[in-house]
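First the structure, in the form of structure tokens, and then the observations on it.
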Amino acid sequence: MSATSAPRSHRSRIAAVVLLVPVLTALALWAFAWPAARTAPHDLPLGVAGPATATAPVQRQLEAHEGAFEIHRYADEAAARDAVEDRTVYGAVVVTERGPKLLTASAASPLVAQSLQQAVARQAGGAQPETVDVVPAAADDPRGAVLTSSVLPMTLAGIAAGAVVTLLGLRGARAVATLIAAAAAVGTVGALVAGSWLGAFPGSWWPVAAVLALSTLAVSAAVAGLAALLGTPGIGLGAFTMMLLGNPFSGASSAPEMLPAPAGAIGQWLPPGAGASLLRSVSFFDGAAASGPALTLTWWAALGLGAVLLGGALKHRATADAPVPAPAERETALAG
């Protein structure tokens, strides 16, 4: 390399860094700040219960907020309670002789429960409605802060596990076994800290640990699988997808329906969002509405592990098919 080409190479690298860093900063600001700035109900499932003649005015008032609520009609309070417990709706307005009664589920989202209280109070002229928290959040974590905060560590743990497995050169079945073992360890530690110690996840300990492990495995398998097929750049692609899309679009701090479209839907297709939804279902709702996010996580884990095995097989075949140097060529290479 000539003396003039070396400085040019350095200048091009410096220019690439100077241009790349602002682009990544802009993407990070867009991914994290845009959903936060536009947090509001977007087709949020909400129930209205009571006789049709009595609920019609309430329903019209709610529908006046165009695009805010997806109204579900129920005959009585019991049916509305069942819908809240099944995670069909986030809450329900029950029309009674004494005025509107609001059913909420702070376990599904403390922010949504608070927003519904404010919305119903505005419709009632500022008077606070009678509110029943059908499925309350954990007593030790009433604002759901622990669950919200757990999304980022699980995502980081998954990215780290996938990157380390790749950089250590583990392939095939060894890589798969390592990823599964690491995810199981992360799930166990997460359940011990967030569940047993902080008391954020009531109920059985094992399902919580299993959800945390599956969430971690979905991320780590995706990162390792991309790296197995694309090489080291696959780590960056996987980390970018999980951190700059999966984490801010997860809806863990509010709800997927509180994010602007299509962020909420995208977040539920990615492991961080699916993991947060599954964790709520398992911890507070006896597994209601768990099949969707569980299937999403399973597909990510299965496809990622499959890519790890495929990448290992392709590299093994490429090594086996490489031509063996002739004796004279080997001697020349050694002499050189």
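If you're wondering about the labels, chains in the structure tokens are A, B, ... by order shown, residues count from 1 in each chain, ligands from 1 in order shown.
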Can you list every residue of segment 79-137 of chain A that has an atom at most 10 Å from segment 56-73 of chain A, with its nearest atom pair and the distance in Å to one decimal, using only C-alpha atoms, ordered by chain then number, as a Markdown table?
```
| residue | atom | partner | partner_atom | distance |
| --- | --- | --- | --- | --- |
| A:Ala79 | CA | A:Arg73 | CA | 9.5 |
| A:Ala80 | CA | A:Arg73 | CA | 8.4 |
| A:Ala83 | CA | A:His72 | CA | 9.3 |
| A:Thr88 | CA | A:His72 | CA | 8.9 |
| A:Val89 | CA | A:His72 | CA | 7.8 |
| A:Ala92 | CA | A:His72 | CA | 8.6 |
| A:Val93 | CA | A:Val58 | CA | 8.3 |
| A:Val94 | CA | A:Val58 | CA | 9.5 |
| A:Val95 | CA | A:Val58 | CA | 8.2 |
| A:Pro100 | CA | A:Val58 | CA | 8.8 |
| A:Ala119 | CA | A:Leu62 | CA | 8.6 |
| A:Val120 | CA | A:Leu62 | CA | 8.8 |
| A:Gln123 | CA | A:Gln61 | CA | 7.5 |
| A:Ala124 | CA | A:Val58 | CA | 9.9 |
```
Output N, CA, C and O atoms for every residue in that selection, as an mmCIF file, in the first residue's frame.
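See again39.cif below for the written result:
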```cif
data_model
loop_
_atom_site.group_PDB
_atom_site.id
_atom_site.type_symbol
_atom_site.label_atom_id
_atom_site.label_comp_id
_atom_site.auth_asym_id
_atom_site.auth_seq_id
_atom_site.Cartn_x
_atom_site.Cartn_y
_atom_site.Cartn_z
ATOM 1 N N ALA A 79 -70.638 -10.590 32.508
ATOM 2 C CA ALA A 79 -70.029 -10.878 31.201
ATOM 3 C C ALA A 79 -68.840 -9.962 30.946
ATOM 4 O O ALA A 79 -67.818 -10.385 30.382
ATOM 5 N N ALA A 80 -68.961 -8.699 31.372
ATOM 6 C CA ALA A 80 -67.851 -7.765 31.189
ATOM 7 C C ALA A 80 -66.650 -8.161 32.038
ATOM 8 O O ALA A 80 -65.491 -8.064 31.595
ATOM 9 N N ALA A 83 -64.795 -10.904 30.354
ATOM 10 C CA ALA A 83 -64.020 -10.413 29.217
ATOM 11 C C ALA A 83 -62.724 -9.759 29.678
ATOM 12 O O ALA A 83 -61.673 -9.916 29.035
ATOM 13 N N THR A 88 -59.840 -10.078 26.784
ATOM 14 C CA THR A 88 -60.514 -9.657 25.560
ATOM 15 C C THR A 88 -60.578 -8.142 25.493
ATOM 16 O O THR A 88 -60.467 -7.543 24.411
ATOM 17 N N VAL A 89 -60.779 -7.501 26.654
ATOM 18 C CA VAL A 89 -60.805 -6.038 26.752
ATOM 19 C C VAL A 89 -59.914 -5.625 27.926
ATOM 20 O O VAL A 89 -59.640 -6.415 28.833
ATOM 21 N N ALA A 92 -64.013 -2.114 31.166
ATOM 22 C CA ALA A 92 -65.404 -2.046 30.715
ATOM 23 C C ALA A 92 -66.141 -0.996 31.519
ATOM 24 O O ALA A 92 -65.912 -0.839 32.727
ATOM 25 N N VAL A 93 -67.038 -0.276 30.819
ATOM 26 C CA VAL A 93 -67.916 0.692 31.472
ATOM 27 C C VAL A 93 -69.267 0.021 31.660
ATOM 28 O O VAL A 93 -69.926 -0.358 30.685
ATOM 29 N N VAL A 94 -69.668 -0.141 32.904
ATOM 30 C CA VAL A 94 -70.946 -0.766 33.227
ATOM 31 C C VAL A 94 -71.930 0.335 33.602
ATOM 32 O O VAL A 94 -71.684 1.121 34.532
ATOM 33 N N VAL A 95 -73.020 0.412 32.882
ATOM 34 C CA VAL A 95 -74.038 1.437 33.149
ATOM 35 C C VAL A 95 -74.979 0.906 34.229
ATOM 36 O O VAL A 95 -75.616 -0.144 34.058
ATOM 37 N N PRO A 100 -72.175 5.448 35.847
ATOM 38 C CA PRO A 100 -71.234 4.499 35.247
ATOM 39 C C PRO A 100 -70.299 3.891 36.283
ATOM 40 O O PRO A 100 -69.849 4.557 37.220
ATOM 41 N N ALA A 119 -60.780 9.099 31.201
ATOM 42 C CA ALA A 119 -61.729 9.240 30.094
ATOM 43 C C ALA A 119 -63.169 9.173 30.593
ATOM 44 O O ALA A 119 -64.024 9.977 30.190
ATOM 45 N N VAL A 120 -63.466 8.214 31.471
ATOM 46 C CA VAL A 120 -64.833 8.069 31.992
ATOM 47 C C VAL A 120 -65.183 9.249 32.886
ATOM 48 O O VAL A 120 -66.332 9.727 32.889
ATOM 49 N N GLN A 123 -66.296 12.155 30.788
ATOM 50 C CA GLN A 123 -67.650 11.975 30.271
ATOM 51 C C GLN A 123 -68.702 12.198 31.353
ATOM 52 O O GLN A 123 -69.838 12.553 31.052
ATOM 53 N N ALA A 124 -68.299 11.961 32.620
ATOM 54 C CA ALA A 124 -69.237 12.141 33.739
ATOM 55 C C ALA A 124 -69.159 13.552 34.306
ATOM 56 O O ALA A 124 -69.632 13.794 35.425
#
```
Could you pull the residues within 6 Å of segment 158-169 of chain A, counting only C-alpha atoms, minus those fewer than 3 positions along the same chain, as a ChimeraX atom specification? /A:155,216,219-220,223-224
Step one, run DSSP on the backbone; step two, keep only residues of segment 203-278 of chain A assigned to helix (DSSP H, G or I); then write them as an MDAnalysis selection string. chainID A and resid 205:230 233:246 256:258 263:269 271:278
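Residue nearest Gly172 of chain A, chosen from A:Pro22, A:Gly225, A:Gly231, A:Gly47 and counting only C-alpha atoms: A:Gly225.
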Just the residues within 10 Å of Leu116 of chain A, please, counting only C-alpha atoms, with nothing from its chain fewer than 6 positions along; format it as a PyMOL selection string. chain A and resi 41+46+90-93+102-104+110+122+131
Could you please take those selected residues and save C-alpha atoms as a PDB file, in the first residue's frame?
```pdb
ATOM      1  CA  PRO A  41     -55.397   4.752  22.790  1.00  0.00           C
ATOM      2  CA  LEU A  46     -63.015  -1.556  25.760  1.00  0.00           C
ATOM      3  CA  TYR A  90     -58.660  -3.829  28.987  1.00  0.00           C
ATOM      4  CA  GLY A  91     -61.669  -2.589  30.894  1.00  0.00           C
ATOM      5  CA  ALA A  92     -65.404  -2.046  30.715  1.00  0.00           C
ATOM      6  CA  VAL A  93     -67.916   0.692  31.472  1.00  0.00           C
ATOM      7  CA  LEU A 102     -65.641   1.202  35.535  1.00  0.00           C
ATOM      8  CA  LEU A 103     -63.972  -2.210  35.516  1.00  0.00           C
ATOM      9  CA  THR A 104     -60.213  -2.141  34.954  1.00  0.00           C
ATOM     10  CA  PRO A 110     -51.518   0.414  34.939  1.00  0.00           C
ATOM     11  CA  ARG A 122     -64.466  13.468  31.678  1.00  0.00           C
ATOM     12  CA  THR A 131     -63.837   1.790  39.831  1.00  0.00           C
TER      13      THR A 131
END
```
Show which residues sit within 12 Å of Leu217 of chain A, as a PyMOL selection string. Count only C-alpha atoms, and ignore same-chain residues fewer than 6 positions away. chain A and resi 154-162+176-187+210-211+223-225+271-272+275+297-305
Using only C-alpha atoms, can you tell me which of A:Met258, A:Ala139, A:Ala15, A:Ala52 comes closest to Asp76 of chain A? A:Ala52
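Among the candidates A:Gln268, A:Ala75, A:Asp133, A:Leu278, the residue lying nearest to Lys101 of chain A is A:Asp133 (atoms considered: only C-alpha atoms).
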Excluding Leu230 of chain A and any residue of its chain fewer than 5 positions from it, enumerate the residues within 12 Å of it, using only C-alpha atoms, and give them as a PyMOL selection string. chain A and resi 166+222-225+235-238+307-308+310-312+314-315
Same residues, all heavy atoms, output as a CSV table (one decimal), in the first residue's frame:
```
chain,number,residue,atom,x,y,z
A,166,THR,N,-21.4,-17.1,19.0
A,166,THR,CA,-20.9,-17.0,17.7
A,166,THR,C,-19.4,-16.7,17.8
A,166,THR,O,-18.6,-17.3,17.0
A,166,THR,CB,-21.6,-15.8,17.0
A,166,THR,OG1,-23.0,-16.1,16.9
A,166,THR,CG2,-21.0,-15.6,15.6
A,222,ALA,N,-32.2,-16.0,17.5
A,222,ALA,CA,-32.3,-15.1,16.3
A,222,ALA,C,-30.9,-14.5,16.0
A,222,ALA,O,-30.5,-14.5,14.9
A,222,ALA,CB,-33.3,-14.0,16.6
A,223,VAL,N,-30.2,-14.0,17.0
A,223,VAL,CA,-28.9,-13.4,16.8
A,223,VAL,C,-27.9,-14.4,16.3
A,223,VAL,O,-27.2,-14.2,15.4
A,223,VAL,CB,-28.4,-12.7,18.1
A,223,VAL,CG1,-27.0,-12.2,18.0
A,223,VAL,CG2,-29.3,-11.5,18.5
A,224,ALA,N,-27.8,-15.6,17.0
A,224,ALA,CA,-26.9,-16.6,16.6
A,224,ALA,C,-27.2,-17.2,15.3
A,224,ALA,O,-26.3,-17.5,14.5
A,224,ALA,CB,-26.8,-17.7,17.7
A,225,GLY,N,-28.5,-17.3,15.0
A,225,GLY,CA,-28.9,-17.9,13.7
A,225,GLY,C,-28.5,-16.9,12.5
A,225,GLY,O,-28.0,-17.4,11.5
A,235,ILE,N,-24.7,-10.6,13.8
A,235,ILE,CA,-24.9,-10.1,15.2
A,235,ILE,C,-25.4,-8.7,15.2
A,235,ILE,O,-26.3,-8.4,16.0
A,235,ILE,CB,-23.5,-10.2,15.9
A,235,ILE,CG1,-23.0,-11.7,15.9
A,235,ILE,CG2,-23.6,-9.7,17.3
A,235,ILE,CD1,-21.6,-11.8,16.6
A,236,GLY,N,-24.8,-7.8,14.4
A,236,GLY,CA,-25.3,-6.5,14.4
A,236,GLY,C,-26.7,-6.3,13.9
A,236,GLY,O,-27.5,-5.6,14.5
A,237,LEU,N,-27.1,-7.1,12.9
A,237,LEU,CA,-28.5,-7.1,12.4
A,237,LEU,C,-29.5,-7.6,13.5
A,237,LEU,O,-30.5,-7.0,13.7
A,237,LEU,CB,-28.6,-7.9,11.1
A,237,LEU,CG,-30.0,-8.0,10.5
A,237,LEU,CD1,-30.5,-6.7,10.1
A,237,LEU,CD2,-30.0,-9.0,9.3
A,238,GLY,N,-29.1,-8.7,14.1
A,238,GLY,CA,-30.0,-9.2,15.2
A,238,GLY,C,-30.1,-8.2,16.4
A,238,GLY,O,-31.2,-8.0,16.9
A,307,ALA,N,-31.5,-22.1,12.1
A,307,ALA,CA,-30.5,-21.4,11.3
A,307,ALA,C,-29.1,-21.7,11.8
A,307,ALA,O,-28.2,-21.8,11.1
A,307,ALA,CB,-30.8,-19.9,11.3
A,308,VAL,N,-29.0,-21.9,13.1
A,308,VAL,CA,-27.7,-22.2,13.7
A,308,VAL,C,-27.2,-23.6,13.2
A,308,VAL,O,-26.1,-23.8,12.8
A,308,VAL,CB,-27.8,-22.2,15.3
A,308,VAL,CG1,-26.5,-22.8,15.9
A,308,VAL,CG2,-28.0,-20.8,15.8
A,310,LEU,N,-28.3,-25.1,10.5
A,310,LEU,CA,-28.0,-25.0,9.0
A,310,LEU,C,-26.7,-24.4,8.7
A,310,LEU,O,-25.9,-24.9,7.9
A,310,LEU,CB,-29.2,-24.3,8.4
A,310,LEU,CG,-29.0,-24.0,6.9
A,310,LEU,CD1,-29.0,-25.3,6.1
A,310,LEU,CD2,-30.2,-23.2,6.4
A,311,GLY,N,-26.4,-23.3,9.4
A,311,GLY,CA,-25.1,-22.6,9.2
A,311,GLY,C,-24.0,-23.5,9.6
A,311,GLY,O,-23.0,-23.5,8.8
A,312,GLY,N,-24.1,-24.2,10.7
A,312,GLY,CA,-23.0,-25.2,11.0
A,312,GLY,C,-22.8,-26.2,10.0
A,312,GLY,O,-21.7,-26.6,9.7
A,314,LEU,N,-23.6,-26.1,6.8
A,314,LEU,CA,-23.0,-25.5,5.6
A,314,LEU,C,-21.5,-25.3,5.7
A,314,LEU,O,-20.7,-25.5,4.8
A,314,LEU,CB,-23.7,-24.2,5.2
A,314,LEU,CG,-25.2,-24.3,4.8
A,314,LEU,CD1,-25.8,-22.9,4.6
A,314,LEU,CD2,-25.3,-25.2,3.5
A,315,LYS,N,-21.1,-24.8,6.9
A,315,LYS,CA,-19.6,-24.6,7.1
A,315,LYS,C,-18.9,-25.9,7.1
A,315,LYS,O,-17.8,-26.0,6.6
A,315,LYS,CB,-19.4,-23.8,8.4
A,315,LYS,CG,-19.9,-22.3,8.3
A,315,LYS,CD,-19.6,-21.6,9.6
A,315,LYS,CE,-20.1,-20.1,9.4
A,315,LYS,NZ,-19.9,-19.4,10.7
```
Among A:Leu229, A:Val151, A:Leu170, A:Val282, Gly306 of chain A is approached most closely, using only C-alpha atoms, by A:Leu229
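Residue nearest Ala239 of chain A within the list A:Leu226, A:Ala105, A:Ala175, A:Ala31: A:Leu226 [criterion: smallest interatomic distance, only C-alpha atoms].
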For Gly195 of chain A, the closest of A:Leu279, A:Leu259, A:Val134, A:Ala289 counting only C-alpha atoms is A:Leu279
